[in-house]
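S.K.: final_39.txt is the file, holding compact mmCIF, C-alpha atoms:
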# COMPACT_ATOMS: atom_id res chain seq x y z
CA MET D 1 21.76 -0.21 -7.39
CA SER D 2 20.44 0.22 -3.91
CA SER D 3 17.23 -1.68 -3.68
CA PRO D 4 16.45 -2.94 -0.19
CA GLU D 5 19.11 -5.29 1.09
CA SER D 6 18.14 -8.90 0.92
CA GLY D 7 19.07 -8.98 4.59
CA SER D 8 17.34 -11.43 6.83
CA TYR D 9 14.57 -10.48 9.22
CA ASP D 10 15.16 -13.62 11.26
CA ALA D 11 17.51 -11.93 13.70
CA THR D 12 15.08 -9.18 14.63
CA GLU D 13 12.65 -9.12 17.53
CA ALA D 14 9.95 -10.01 15.03
CA ALA D 15 7.25 -11.97 16.76
CA PRO D 16 4.22 -13.77 15.35
CA HIS D 17 1.19 -11.61 14.65
CA GLY D 18 -0.48 -10.59 17.86
CA LYS D 19 2.32 -11.14 20.38
CA PRO D 20 2.80 -7.98 22.46
CA ARG D 21 6.24 -6.39 22.31
CA ALA D 22 7.81 -4.46 25.13
CA THR D 23 8.83 -1.33 23.24
CA GLU D 24 5.82 -1.01 20.98
CA TRP D 25 2.26 -0.07 21.63
CA PRO D 26 0.21 -3.27 21.57
CA LEU D 27 -1.61 -4.35 18.43
CA TRP D 28 -5.41 -4.10 18.34
CA GLU D 29 -7.79 -5.72 15.89
CA VAL D 30 -10.56 -3.39 14.76
CA PHE D 31 -14.17 -4.40 14.06
CA ILE D 32 -16.70 -1.99 12.60
CA ARG D 33 -20.45 -2.17 12.19
CA GLY D 34 -21.70 -0.45 9.07
CA GLN D 35 -24.94 1.46 8.96
CA HIS D 36 -27.11 -1.28 7.56
CA GLY D 37 -27.77 -3.39 10.61
CA LEU D 38 -25.02 -5.88 9.88
CA SER D 39 -22.66 -7.49 12.39
CA HIS D 40 -19.36 -5.93 13.30
CA ARG D 41 -16.80 -6.90 10.68
CA HIS D 42 -13.02 -7.12 10.97
CA VAL D 43 -11.49 -4.23 9.01
CA GLY D 44 -7.84 -4.24 10.04
CA SER D 45 -5.52 -3.57 12.92
CA LEU D 46 -3.56 -0.76 14.52
CA HIS D 47 -1.23 0.02 17.40
CA ALA D 48 -2.36 1.97 20.46
CA ALA D 49 -1.29 2.29 24.08
CA ASP D 50 -4.74 1.42 25.48
CA ALA D 51 -8.31 0.60 24.44
CA GLU D 52 -9.47 4.19 24.61
CA SER D 53 -6.82 5.47 22.24
CA ALA D 54 -7.27 2.37 20.05
CA ILE D 55 -10.89 3.42 19.47
CA LYS D 56 -9.84 6.99 18.72
CA ASN D 57 -7.20 5.78 16.28
CA ALA D 58 -9.65 3.34 14.69
CA ARG D 59 -12.04 6.20 14.11
CA ASP D 60 -9.30 8.13 12.28
CA VAL D 61 -7.88 5.20 10.33
CA TYR D 62 -10.97 3.18 9.44
CA THR D 63 -14.01 5.48 9.40
CA ARG D 64 -12.94 8.57 7.47
CA ARG D 65 -15.76 8.04 4.97
CA ASN D 66 -18.79 7.09 7.06
CA GLU D 67 -17.86 3.42 7.06
CA GLY D 68 -19.45 2.70 10.38
CA VAL D 69 -21.56 3.58 13.39
CA SER D 70 -19.88 1.38 15.99
CA ILE D 71 -16.31 0.32 16.69
CA TRP D 72 -14.97 -2.67 18.63
CA VAL D 73 -11.29 -3.05 19.40
CA VAL D 74 -9.74 -6.22 20.79
CA GLU D 75 -6.13 -6.64 21.76
CA ALA D 76 -4.72 -9.00 19.13
CA SER D 77 -3.01 -11.15 21.74
CA ALA D 78 -6.44 -11.90 23.28
CA ILE D 79 -7.74 -13.54 20.11
CA ALA D 80 -7.62 -17.32 19.88
CA ALA D 81 -7.65 -18.63 16.32
CA SER D 82 -7.96 -22.01 14.67
CA SER D 83 -4.88 -23.11 12.80
CA PRO D 84 -4.76 -23.98 9.10
CA GLU D 85 -3.67 -27.57 9.93
CA GLU D 86 -7.04 -28.15 11.62
CA LYS D 87 -8.88 -27.38 8.42
CA GLY D 88 -9.58 -31.06 7.67
CA PRO D 89 -10.87 -32.24 11.05
CA LEU D 90 -12.85 -29.01 11.60
CA TYR D 91 -14.65 -28.52 8.33
CA GLU D 92 -14.61 -31.75 6.35
CA PRO D 93 -17.25 -33.56 8.46
CA SER D 94 -19.90 -31.17 7.16
CA ASN D 95 -19.20 -32.21 3.56
CA ASP D 96 -21.16 -35.47 3.87
CA LYS D 97 -24.15 -33.91 5.62
CA VAL D 98 -25.80 -32.54 2.51
CA TYR D 99 -29.22 -33.06 4.12
CA ARG D 100 -28.49 -29.93 6.14
CA HIS D 101 -29.22 -27.90 3.02
CA PRO D 102 -32.88 -27.37 2.08
CA THR D 103 -32.15 -28.29 -1.55
CA PHE D 104 -31.56 -31.91 -0.41
CA PHE D 105 -35.31 -32.49 -0.22
CA ASP D 106 -37.52 -32.75 -3.29
CA ILE D 107 -40.88 -31.14 -2.58
CA PRO D 108 -43.51 -31.59 -5.31
CA ASP D 109 -44.49 -28.41 -7.16
CA GLU D 110 -48.14 -28.77 -6.18
CA VAL D 111 -47.21 -28.23 -2.51
CA GLY D 112 -46.34 -24.64 -3.35
CA ALA D 113 -43.68 -22.41 -1.79
CA MET D 114 -41.86 -23.91 1.16
CA MET M 1 6.11 1.92 -8.43
CA TYR M 2 5.61 2.63 -4.76
CA ALA M 3 7.78 -0.46 -4.44
CA GLN M 4 10.71 -0.43 -6.83
CA MET M 5 13.50 -2.92 -7.57
CA ILE M 6 12.28 -5.46 -5.06
CA LYS M 7 14.63 -8.42 -4.87
CA SER M 8 13.17 -11.87 -4.40
CA THR M 9 15.19 -15.06 -4.04
CA GLY M 10 17.43 -14.24 -7.00
CA LYS M 11 17.02 -17.80 -8.23
CA GLY M 12 14.99 -18.97 -11.17
CA VAL M 13 11.38 -20.01 -10.75
CA LYS M 14 11.11 -23.68 -9.74
CA SER M 15 8.79 -25.98 -11.64
CA LEU M 16 6.11 -27.79 -9.64
CA ASP M 17 8.05 -31.05 -10.02
CA GLU M 18 11.14 -29.56 -8.40
CA MET M 19 9.22 -28.52 -5.28
CA GLU M 20 8.84 -30.31 -1.96
CA PRO M 21 5.20 -31.22 -1.12
CA ASP M 22 4.59 -28.14 1.09
CA GLU M 23 5.85 -25.70 -1.49
CA ARG M 24 4.06 -27.49 -4.27
CA ALA M 25 0.73 -27.30 -2.44
CA PHE M 26 1.42 -23.59 -1.76
CA GLN M 27 2.19 -22.85 -5.43
CA GLU M 28 -0.77 -24.85 -6.67
CA ARG M 29 -3.05 -22.88 -4.40
CA ILE M 30 -1.69 -19.62 -5.83
CA ASN M 31 -2.00 -20.92 -9.40
CA ALA M 32 -5.65 -21.74 -8.72
CA GLY M 33 -6.27 -18.15 -7.57
CA GLY M 34 -6.34 -19.02 -3.86
CA LYS M 35 -5.16 -16.71 -1.10
CA ILE M 36 -2.32 -17.26 1.36
CA GLU M 37 -3.14 -16.18 4.92
CA PRO M 38 -0.70 -15.29 7.76
CA LYS M 39 -0.72 -18.65 9.50
CA ASP M 40 -0.45 -20.72 6.31
CA TRP M 41 2.78 -22.41 5.34
CA MET M 42 4.81 -20.24 2.97
CA PRO M 43 8.36 -20.40 1.56
CA ASP M 44 10.79 -18.16 3.41
CA GLY M 45 11.57 -16.29 0.19
CA TYR M 46 7.90 -15.40 -0.27
CA ARG M 47 7.68 -14.07 3.28
CA LYS M 48 10.87 -12.02 3.04
CA THR M 49 10.13 -10.64 -0.41
CA LEU M 50 6.67 -9.56 0.74
CA ILE M 51 8.09 -7.85 3.83
CA ARG M 52 10.42 -5.88 1.57
CA GLN M 53 7.71 -5.04 -0.92
CA ILE M 54 4.88 -4.16 1.48
CA GLY M 55 7.34 -2.37 3.76
CA GLN M 56 8.67 -0.24 0.93
CA HIS M 57 5.13 0.48 -0.20
CA ALA M 58 4.18 1.56 3.34
CA HIS M 59 7.28 3.75 3.67
CA SER M 60 6.37 5.42 0.35
CA GLU M 61 2.92 6.32 1.64
CA ILE M 62 4.41 7.85 4.78
CA VAL M 63 7.28 9.74 3.13
CA GLY M 64 4.85 10.69 0.35
CA GLN M 65 3.04 12.93 2.82
CA LEU M 66 6.03 15.28 2.94
CA PRO M 67 6.00 16.82 -0.57
CA GLU M 68 2.26 17.51 -0.25
CA GLY M 69 2.38 18.50 3.41
CA ASN M 70 4.67 21.25 2.16
CA TRP M 71 1.64 23.03 0.65
CA ILE M 72 -1.02 22.58 3.34
CA THR M 73 -0.30 25.93 4.95
CA ARG M 74 -0.04 27.64 1.56
CA ALA M 75 -3.08 26.25 -0.26
CA PRO M 76 -4.81 29.01 -2.26
CA THR M 77 -8.25 28.65 -0.63
CA LEU M 78 -9.70 27.17 2.54
CA GLU M 79 -11.49 24.52 0.47
CA ARG M 80 -8.29 23.48 -1.30
CA LYS M 81 -6.56 23.36 2.05
CA ALA M 82 -9.23 21.09 3.56
CA ILE M 83 -9.08 18.79 0.50
CA LEU M 84 -5.29 18.56 0.59
CA LEU M 85 -5.36 17.89 4.31
CA ALA M 86 -7.83 15.03 3.76
CA LYS M 87 -5.66 13.63 0.99
CA VAL M 88 -2.50 13.70 3.09
CA GLN M 89 -4.40 12.09 5.98
CA ASP M 90 -5.43 9.30 3.60
CA GLU M 91 -1.77 8.69 2.76
CA ALA M 92 -1.02 8.21 6.46
CA GLY M 93 -3.92 5.73 6.59
CA HIS M 94 -2.56 3.86 3.57
CA GLY M 95 0.80 3.57 5.26
CA LEU M 96 -0.87 2.14 8.37
CA TYR M 97 -2.92 -0.45 6.44
CA LEU M 98 0.25 -1.62 4.74
CA TYR M 99 2.43 -1.71 7.88
CA CYS M 100 -0.22 -3.91 9.49
CA ALA M 101 -0.20 -6.23 6.47
CA ALA M 102 3.62 -6.48 6.71
CA GLU M 103 3.42 -7.18 10.44
CA THR M 104 1.32 -10.29 9.81
CA LEU M 105 4.47 -11.72 8.20
CA GLY M 106 6.37 -11.54 11.50
CA VAL M 107 8.25 -8.24 11.30
CA SER M 108 7.58 -5.60 13.94
CA ARG M 109 6.45 -2.07 13.21
CA ASP M 110 9.45 -0.65 15.04
CA GLN M 111 11.81 -2.79 12.99
CA LEU M 112 10.28 -1.52 9.75
CA THR M 113 10.53 2.06 10.99
CA ARG M 114 14.13 1.60 12.06
CA ASP M 115 15.01 0.16 8.65
CA LEU M 116 13.47 3.16 6.92
CA LEU M 117 15.22 5.65 9.20
CA SER M 118 18.61 3.94 8.83
CA GLY M 119 18.24 3.88 5.04
CA LYS M 120 18.27 0.08 4.90
CA MET M 121 14.80 0.06 3.37
CA LYS M 122 13.80 2.44 0.60
CA TYR M 123 10.72 4.35 -0.44
CA SER M 124 9.64 5.33 -3.94
CA SER M 125 12.10 7.49 -5.89
CA ILE M 126 9.30 9.94 -6.77
CA PHE M 127 9.15 11.48 -3.30
CA ASN M 128 12.71 12.73 -3.55
CA TYR M 129 11.62 15.47 -5.93
CA PRO M 130 10.60 18.91 -4.65
CA THR M 131 7.11 20.45 -4.91
CA LEU M 132 7.91 24.00 -5.96
CA THR M 133 4.54 25.53 -6.84
CA TRP M 134 0.84 24.95 -6.14
CA ALA M 135 0.55 23.37 -9.62
CA ASP M 136 2.78 20.59 -8.31
CA MET M 137 -0.09 19.52 -6.04
CA GLY M 138 -2.10 19.05 -9.22
CA ALA M 139 0.69 17.16 -10.99
CA VAL M 140 1.35 14.90 -8.00
CA GLY M 141 -2.31 13.88 -7.66
CA TRP M 142 -2.82 13.48 -11.39
CA LEU M 143 0.47 11.80 -12.37
CA VAL M 144 1.96 10.28 -9.23
CA ASP M 145 -1.30 8.92 -7.83
CA GLY M 146 -2.32 8.03 -11.37
CA ALA M 147 0.84 5.93 -11.78
CA ALA M 148 0.31 4.35 -8.37
CA ILE M 149 -3.25 3.33 -9.26
CA MET M 150 -1.95 1.48 -12.35
CA ASN M 151 -0.05 -0.86 -10.05
CA GLN M 152 -2.41 -0.94 -7.10
CA VAL M 153 -5.55 -1.96 -8.94
CA PRO M 154 -4.11 -5.32 -10.11
CA LEU M 155 -2.53 -5.83 -6.66
CA GLN M 156 -6.03 -6.15 -5.20
CA ARG M 157 -5.81 -9.68 -6.64
CA THR M 158 -2.40 -10.45 -5.14
CA SER M 159 -1.95 -13.87 -3.49
CA TYR M 160 -1.28 -12.64 0.05
CA GLY M 161 -4.64 -12.05 1.75
CA PRO M 162 -3.75 -9.17 4.11
CA TYR M 163 -1.93 -7.32 1.31
CA ALA M 164 -4.84 -7.78 -1.10
CA ARG M 165 -7.33 -6.50 1.50
CA ALA M 166 -5.16 -3.45 2.22
CA MET M 167 -5.03 -2.71 -1.51
CA VAL M 168 -8.83 -2.88 -1.79
CA ARG M 169 -9.15 -0.18 0.86
CA ILE M 170 -6.40 1.90 -0.69
CA CYS M 171 -7.84 1.74 -4.21
CA LYS M 172 -11.22 2.93 -2.98
CA GLU M 173 -9.60 6.09 -1.67
CA GLU M 174 -7.01 6.57 -4.38
CA SER M 175 -9.32 7.73 -7.14
CA PHE M 176 -10.32 10.74 -5.01
CA HIS M 177 -6.60 11.59 -4.94
CA GLN M 178 -6.16 11.48 -8.69
CA ARG M 179 -9.32 13.43 -9.37
CA GLN M 180 -8.46 16.20 -6.92
CA GLY M 181 -5.08 16.51 -8.68
CA PHE M 182 -6.65 16.69 -12.12
CA ASP M 183 -9.13 19.24 -10.81
CA ILE M 184 -6.24 21.48 -9.73
CA MET M 185 -4.61 21.02 -13.15
CA MET M 186 -7.86 21.98 -14.95
CA LYS M 187 -8.16 25.15 -12.88
CA MET M 188 -4.55 26.09 -13.51
CA ALA M 189 -4.51 25.16 -17.21
CA ASN M 190 -7.63 27.25 -17.82
CA GLY M 191 -6.52 30.12 -15.60
CA THR M 192 -4.31 33.12 -16.31
CA GLU M 193 -1.26 32.82 -18.57
CA ALA M 194 0.96 32.66 -15.48
CA GLN M 195 -1.11 29.83 -14.04
CA ARG M 196 -1.08 27.91 -17.34
CA LYS M 197 2.70 28.23 -17.44
CA MET M 198 2.91 26.96 -13.89
CA ALA M 199 0.81 23.92 -14.83
CA GLN M 200 3.03 23.21 -17.87
CA ASP M 201 6.14 23.57 -15.71
CA ALA M 202 4.75 21.08 -13.19
CA LEU M 203 4.04 18.57 -15.98
CA ASN M 204 7.55 19.11 -17.38
CA ARG M 205 9.17 18.33 -14.03
CA PHE M 206 6.93 15.40 -12.99
CA TRP M 207 6.56 13.55 -16.31
CA TYR M 208 9.81 11.57 -16.32
CA PRO M 209 9.99 10.97 -12.57
CA SER M 210 6.44 9.54 -12.88
CA LEU M 211 7.58 7.17 -15.66
CA MET M 212 10.46 6.12 -13.41
CA MET M 213 8.02 5.05 -10.71
CA PHE M 214 7.37 1.83 -12.61
CA GLY M 215 11.06 0.92 -12.41
CA PRO M 216 13.36 -0.07 -15.30
CA SER M 217 12.36 -2.78 -17.74
CA ASP M 218 12.20 -6.08 -15.88
CA GLU M 219 11.63 -8.41 -18.81
CA ASN M 220 14.73 -10.41 -17.96
CA SER M 221 14.69 -10.05 -14.18
CA VAL M 222 14.70 -13.30 -12.18
CA HIS M 223 13.33 -11.36 -9.21
CA SER M 224 10.29 -10.21 -11.18
CA ALA M 225 9.76 -13.68 -12.67
CA GLN M 226 9.62 -15.19 -9.17
CA SER M 227 7.38 -12.40 -7.84
CA MET M 228 5.01 -12.91 -10.75
CA ALA M 229 4.90 -16.69 -10.17
CA TRP M 230 3.97 -15.91 -6.57
CA LYS M 231 1.40 -13.35 -7.74
CA ILE M 232 2.82 -10.59 -5.62
CA LYS M 233 3.63 -8.74 -8.83
CA MET M 234 0.89 -8.84 -11.41
CA ASN M 235 2.28 -7.01 -14.47
CA SER M 236 5.69 -6.18 -15.92
CA ASN M 237 7.06 -2.69 -15.40
CA ASP M 238 6.94 -1.93 -19.13
CA GLU M 239 3.34 -3.07 -19.41
CA LEU M 240 2.20 -0.72 -16.63
CA ARG M 241 4.29 2.19 -17.91
CA GLN M 242 2.76 1.82 -21.38
CA LYS M 243 -0.73 1.72 -19.90
CA PHE M 244 0.00 4.86 -17.90
CA VAL M 245 1.28 6.77 -20.94
CA ASP M 246 -1.68 5.68 -23.07
CA GLN M 247 -4.09 6.86 -20.42
CA THR M 248 -2.32 10.10 -19.51
CA VAL M 249 -1.42 11.62 -22.88
CA PRO M 250 -5.06 12.28 -23.91
CA GLN M 251 -5.65 13.85 -20.47
CA ALA M 252 -2.71 16.20 -21.04
CA GLU M 253 -4.18 17.09 -24.45
CA TYR M 254 -7.52 17.85 -22.79
CA LEU M 255 -5.70 20.23 -20.47
CA GLY M 256 -3.99 21.86 -23.46
CA LEU M 257 -0.60 21.00 -21.99
CA THR M 258 2.36 19.46 -23.82
CA VAL M 259 3.99 16.25 -22.65
CA PRO M 260 7.72 17.05 -22.58
CA ASP M 261 8.73 14.32 -25.03
CA GLU M 262 9.54 15.20 -28.64
CA HIS M 263 9.45 11.51 -29.61
CA LEU M 264 5.95 10.98 -28.28
CA LYS M 265 3.91 9.54 -31.15
CA TRP M 266 0.72 7.50 -31.54
CA ASN M 267 1.47 4.13 -33.13
CA GLU M 268 -1.62 3.15 -35.07
CA ASP M 269 -0.58 -0.50 -35.62
CA ARG M 270 0.23 -1.09 -31.98
CA GLY M 271 -2.67 0.96 -30.72
CA SER M 272 -0.42 2.71 -28.19
CA TYR M 273 1.99 5.61 -27.83
CA GLU M 274 5.72 5.49 -28.54
CA PHE M 275 7.58 7.50 -25.93
CA SER M 276 11.07 8.25 -24.63
CA GLU M 277 12.51 6.34 -21.70
CA PRO M 278 13.35 8.38 -18.62
CA ASP M 279 16.99 8.85 -17.65
CA TRP M 280 17.72 5.62 -15.77
CA ASP M 281 21.06 6.90 -14.49
CA GLU M 282 19.13 9.60 -12.68
CA PHE M 283 16.75 6.97 -11.29
CA PHE M 284 19.57 4.86 -9.83
CA ASP M 285 21.23 7.96 -8.48
CA VAL M 286 18.00 8.99 -6.72
CA LEU M 287 17.61 5.48 -5.28
CA GLN M 288 21.16 5.77 -3.92
CA GLY M 289 19.94 8.71 -1.87
CA ASN M 290 21.10 11.49 -4.19
CA GLY M 291 17.71 12.89 -5.18
CA PRO M 292 17.11 16.63 -4.81
CA CYS M 293 15.18 16.12 -1.54
CA SER M 294 16.55 12.77 -0.30
CA VAL M 295 18.40 14.27 2.64
CA ASP M 296 15.45 16.47 3.65
CA ARG M 297 13.00 13.57 3.54
CA MET M 298 15.11 11.34 5.77
CA GLU M 299 15.81 14.20 8.15
CA ALA M 300 12.11 14.96 8.44
CA ARG M 301 11.23 11.31 9.20
CA ASN M 302 14.06 10.94 11.72
CA LYS M 303 13.06 14.19 13.42
CA ALA M 304 9.44 13.07 13.68
CA TRP M 305 10.50 9.73 15.18
CA ASP M 306 12.93 11.25 17.67
CA GLU M 307 10.64 14.05 18.75
CA GLY M 308 7.66 11.71 19.06
CA ARG M 309 9.50 9.39 21.39
CA TRP M 310 8.34 10.97 24.64
CA VAL M 311 4.74 10.76 23.43
CA ARG M 312 5.01 7.07 22.57
CA GLU M 313 6.69 6.25 25.85
CA GLY M 314 4.47 8.52 27.92
CA LEU M 315 1.23 7.03 26.62
CA LEU M 316 2.52 3.51 27.15
CA ALA M 317 3.58 4.31 30.72
CA HIS M 318 0.18 5.89 31.39
CA ALA M 319 -1.63 2.83 30.01
CA GLU M 320 0.47 0.53 32.19
CA LYS M 321 -0.20 2.63 35.27
CA LYS M 322 -3.94 2.53 34.61
CA ARG M 323 -3.83 -1.22 34.10
CA ALA M 324 -1.92 -1.74 37.35
CA ARG M 325 -4.41 0.41 39.27
CA LYS M 326 -7.33 -1.51 37.84
CA MET M 327 -5.74 -4.83 38.79
CA ALA M 328 -5.07 -3.57 42.32
CA ALA M 329 -8.68 -2.48 42.70
CA GLU M 330 -10.06 -5.85 41.58
Let me see the structure of the file written as structure tokens.
M.R.:
Amino acid sequence: MSSPESGSYDATEAAPHGKPRATEWPLWEVFIRGQHGLSHRHVGSLHAADAESAIKNARDVYTRRNEGVSIWVVEASAIAASSPEEKGPLYEPSNDKVYRHPTFFDIPDEVGAM
Amino acid sequence: MYAQMIKSTGKGVKSLDEMEPDERAFQERINAGGKIEPKDWMPDGYRKTLIRQIGQHAHSEIVGQLPEGNWITRAPTLERKAILLAKVQDEAGHGLYLYCAAETLGVSRDQLTRDLLSGKMKYSSIFNYPTLTWADMGAVGWLVDGAAIMNQVPLQRTSYGPYARAMVRICKEESFHQRQGFDIMMKMANGTEAQRKMAQDALNRFWYPSLMMFGPSDENSVHSAQSMAWKIKMNSNDELRQKFVDQTVPQAEYLGLTVPDEHLKWNEDRGSYEFSEPDWDEFFDVLQGNGPCSVDRMEARNKAWDEGRWVREGLLAHAEKKRARKMAAE
């Protein structure tokens, strides 16, 4: 049986997502704005030698079916991201501020729509 | 499937009580239907198994362009040619979505490519069969893409976020593939006697290799049990194969074609078809690299990689030169 070897990938030049590698074209993250006036949305990533070819490739890979009218590409290594360990300190404080939601306040029916 | 015989840890599935806190939190998140994202903690086995599985899936999409690419220049009409070209381009796109998903796990694109070209990583057995006539383009879309969809639809719910998102994109495009294949089969099956025969011949040759795509029964496989606990495999191989047969047999009847299985029989009690198993010795032999087109496929991929080298290097050198000039000017 010759299914893929359970060999380790530890000893490769594998680098965390986004780190540029000398022999490969850099990785770009692709953002596309659909036709309905929405913000650009992350759709995926691709490799390209420079920004110009990244946009051309993004057009071929991510907009073959009219998915968008505008493309942004950003080199993945230029993106700073929050880490999962910060989840608590970053997002938990908003849990006890329920008054930020309009439903916190009871407005009598006779006041009408508000 | 597009990923076959994927090995996981090879150990039994641990119970929650046997796990360290990190792994337990990870498994509980998966059990609750949560997603795992690239920067989240994950067991090494999960990461490595996913690299193998997504990598093999990506390789299948890329190598899968070859049997269909074979007919682009010989399509019967300009319209059929344009459709086939669009379909093959989609397959390249599917490969790219999947390679990117694999890369988020810490393997490089070049490493994945090297492992395909050296034969260390595999691609689906189905692409080692030849496409001999135009009717094969119909059979491939109808049966091969049809079998792939069976597996890919549930994988949209897989636990690894980037993989699930890639599958959503792929599934959207995949049903065009199956329909264009069935459309070719309808034309051929309702055409001249020679065309009908060609369609039947294509079904005869692709039926069993399509059943093999799901892989041998994995009811007792520890690898599958672990992959299912991790939700990177959603159904057993037998379950998906049965579903495929139940869906496909009535379609063959609609075409007026005969499924090449004398034991094929509707089982009223079970509400499903009884059918013959494919020849598993042939399957393992094809996986070993002894399929009718195995050597050709690997040669074609190696040739493309070697001959594309100057382009890859040239564009990178050009980009670096431009960057250096821009920096000097600033």
S.K.: With a distance threshold of 7 Å and counting all atoms listed in the file, extract the residues of chain M near chain D and express them as an mmCIF file with C-alpha atoms, in the coordinates of the input.
M.R.:
data_model
loop_
_atom_site.group_PDB
_atom_site.id
_atom_site.type_symbol
_atom_site.label_atom_id
_atom_site.label_comp_id
_atom_site.auth_asym_id
_atom_site.auth_seq_id
_atom_site.Cartn_x
_atom_site.Cartn_y
_atom_site.Cartn_z
ATOM 1 C CA MET M 5 13.500 -2.920 -7.570
ATOM 2 C CA ILE M 6 12.280 -5.460 -5.060
ATOM 3 C CA LYS M 7 14.630 -8.420 -4.870
ATOM 4 C CA LYS M 39 -0.720 -18.650 9.500
ATOM 5 C CA ASP M 40 -0.450 -20.720 6.310
ATOM 6 C CA ARG M 52 10.420 -5.880 1.570
ATOM 7 C CA GLY M 93 -3.920 5.730 6.590
ATOM 8 C CA CYS M 100 -0.220 -3.910 9.490
ATOM 9 C CA GLU M 103 3.420 -7.180 10.440
ATOM 10 C CA THR M 104 1.320 -10.290 9.810
ATOM 11 C CA GLY M 106 6.370 -11.540 11.500
ATOM 12 C CA VAL M 107 8.250 -8.240 11.300
ATOM 13 C CA SER M 108 7.580 -5.600 13.940
ATOM 14 C CA ASP M 110 9.450 -0.650 15.040
ATOM 15 C CA LYS M 120 18.270 0.080 4.900
ATOM 16 C CA MET M 121 14.800 0.060 3.370
ATOM 17 C CA LYS M 122 13.800 2.440 0.600
ATOM 18 C CA PHE M 284 19.570 4.860 -9.830
ATOM 19 C CA LEU M 287 17.610 5.480 -5.280
ATOM 20 C CA GLN M 288 21.160 5.770 -3.920
ATOM 21 C CA LEU M 315 1.230 7.030 26.620
ATOM 22 C CA LEU M 316 2.520 3.510 27.150
ATOM 23 C CA ALA M 319 -1.630 2.830 30.010
#
S.K.: What's the 9 Å shell around Trp72 of chain D, counting only C-alpha atoms, without same-chain residues fewer than 6 positions away, as a PDB file with C-alpha atoms, in the frame of the given file?
M.R.:
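Dumped everything to around-v8.pdb:
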ATOM      1  CA  GLU D  29      -7.790  -5.720  15.890  1.00  0.00           C
ATOM      2  CA  VAL D  30     -10.560  -3.390  14.760  1.00  0.00           C
ATOM      3  CA  PHE D  31     -14.170  -4.400  14.060  1.00  0.00           C
ATOM      4  CA  ILE D  32     -16.700  -1.990  12.600  1.00  0.00           C
ATOM      5  CA  ARG D  33     -20.450  -2.170  12.190  1.00  0.00           C
ATOM      6  CA  HIS D  40     -19.360  -5.930  13.300  1.00  0.00           C
ATOM      7  CA  ILE D  55     -10.890   3.420  19.470  1.00  0.00           C
ATOM      8  CA  ALA D  58      -9.650   3.340  14.690  1.00  0.00           C
TER       9      ALA D  58
END
S.K.: Please report the interatomic distance between atom CA of Ile51 of chain M and atom CA of Ile71 of chain D in Å with one decimal.
M.R.: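 Interatomic distance here is 28.8 Å.
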S.K.: Tell me which protein, DNA and RNA residues are within 12 Å of Ser175 of chain M, counting all atoms listed in the file, leaving out same-chain ones fewer than 6 positions away, and put them as number ranges by chain.
M.R.: M: 87, 90, 141-150, 152-153, 168-169, 181-182
S.K.: Quick one: distance from atom CA of Trp266 of chain M to atom CA of Leu155 of chain M in Å, one decimal?
M.R.: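 Here the two named atoms are 28.4 Å from each other.
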S.K.: Show me, as a VMD selection string, the residues that have an atom within 7 Å of segment 262-265 of chain M when counting all atoms listed in the file, minus same-chain residues fewer than 3 positions from it.
M.R.: chain M and resid 273 to 276
S.K.: Rounded to one decimal, what separation in Å do you get between atom CA of Thr49 of chain M and atom CA of Thr9 of chain M?
M.R.: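 We find that atom CA of Thr49 of chain M and atom CA of Thr9 of chain M lie 7.6 Å from each other.
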S.K.: Would you pick out the contacts of Gln251 of chain M at 12 Å or less, using all atoms listed in the file, so that residues sharing its chain but fewer than 3 positions from it are not included, and give the list as a short mmCIF file (atom, residue, chain, number, x, y, z; two decimals) with C-alpha atoms, in the frame of the given file?
M.R.:
data_model
loop_
_atom_site.label_atom_id
_atom_site.label_comp_id
_atom_site.auth_asym_id
_atom_site.auth_seq_id
_atom_site.Cartn_x
_atom_site.Cartn_y
_atom_site.Cartn_z
CA ALA M 139 0.69 17.16 -10.99
CA TRP M 142 -2.82 13.48 -11.39
CA LEU M 143 0.47 11.80 -12.37
CA GLY M 146 -2.32 8.03 -11.37
CA ARG M 179 -9.32 13.43 -9.37
CA PHE M 182 -6.65 16.69 -12.12
CA ASP M 183 -9.13 19.24 -10.81
CA MET M 185 -4.61 21.02 -13.15
CA MET M 186 -7.86 21.98 -14.95
CA ALA M 189 -4.51 25.16 -17.21
CA LEU M 203 4.04 18.57 -15.98
CA PHE M 244 0.00 4.86 -17.90
CA VAL M 245 1.28 6.77 -20.94
CA ASP M 246 -1.68 5.68 -23.07
CA GLN M 247 -4.09 6.86 -20.42
CA THR M 248 -2.32 10.10 -19.51
CA TYR M 254 -7.52 17.85 -22.79
CA LEU M 255 -5.70 20.23 -20.47
CA GLY M 256 -3.99 21.86 -23.46
CA LEU M 257 -0.60 21.00 -21.99
CA THR M 258 2.36 19.46 -23.82
CA VAL M 259 3.99 16.25 -22.65
#
S.K.: Could you give me, as JSON, numbers by chain, the residues within 12 Å of Thr131 of chain M, counting all atoms listed in the file and dropping anything in the same chain fewer than 4 positions from it?
M.R.: {"M": [64, 65, 66, 67, 68, 69, 70, 71, 72, 126, 127, 135, 136, 137, 138, 139, 140, 141, 198, 201, 202, 203, 205, 206, 292, 293]}
S.K.: My list of candidates is M:Leu211, M:Leu132, M:Ile83, M:Ala58. Which is closest to Tyr99 of chain M when distances are computed with all atoms listed in the file?
M.R.: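 When distances to Tyr99 of chain M are compared using all atoms listed in the file, the smallest one comes from M:Ala58.
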S.K.: So, counting all atoms listed in the file, which residue among M:His223, M:Trp207, M:Gly215, M:Tyr2 is closest to Gly45 of chain M?
M.R.: M:His223
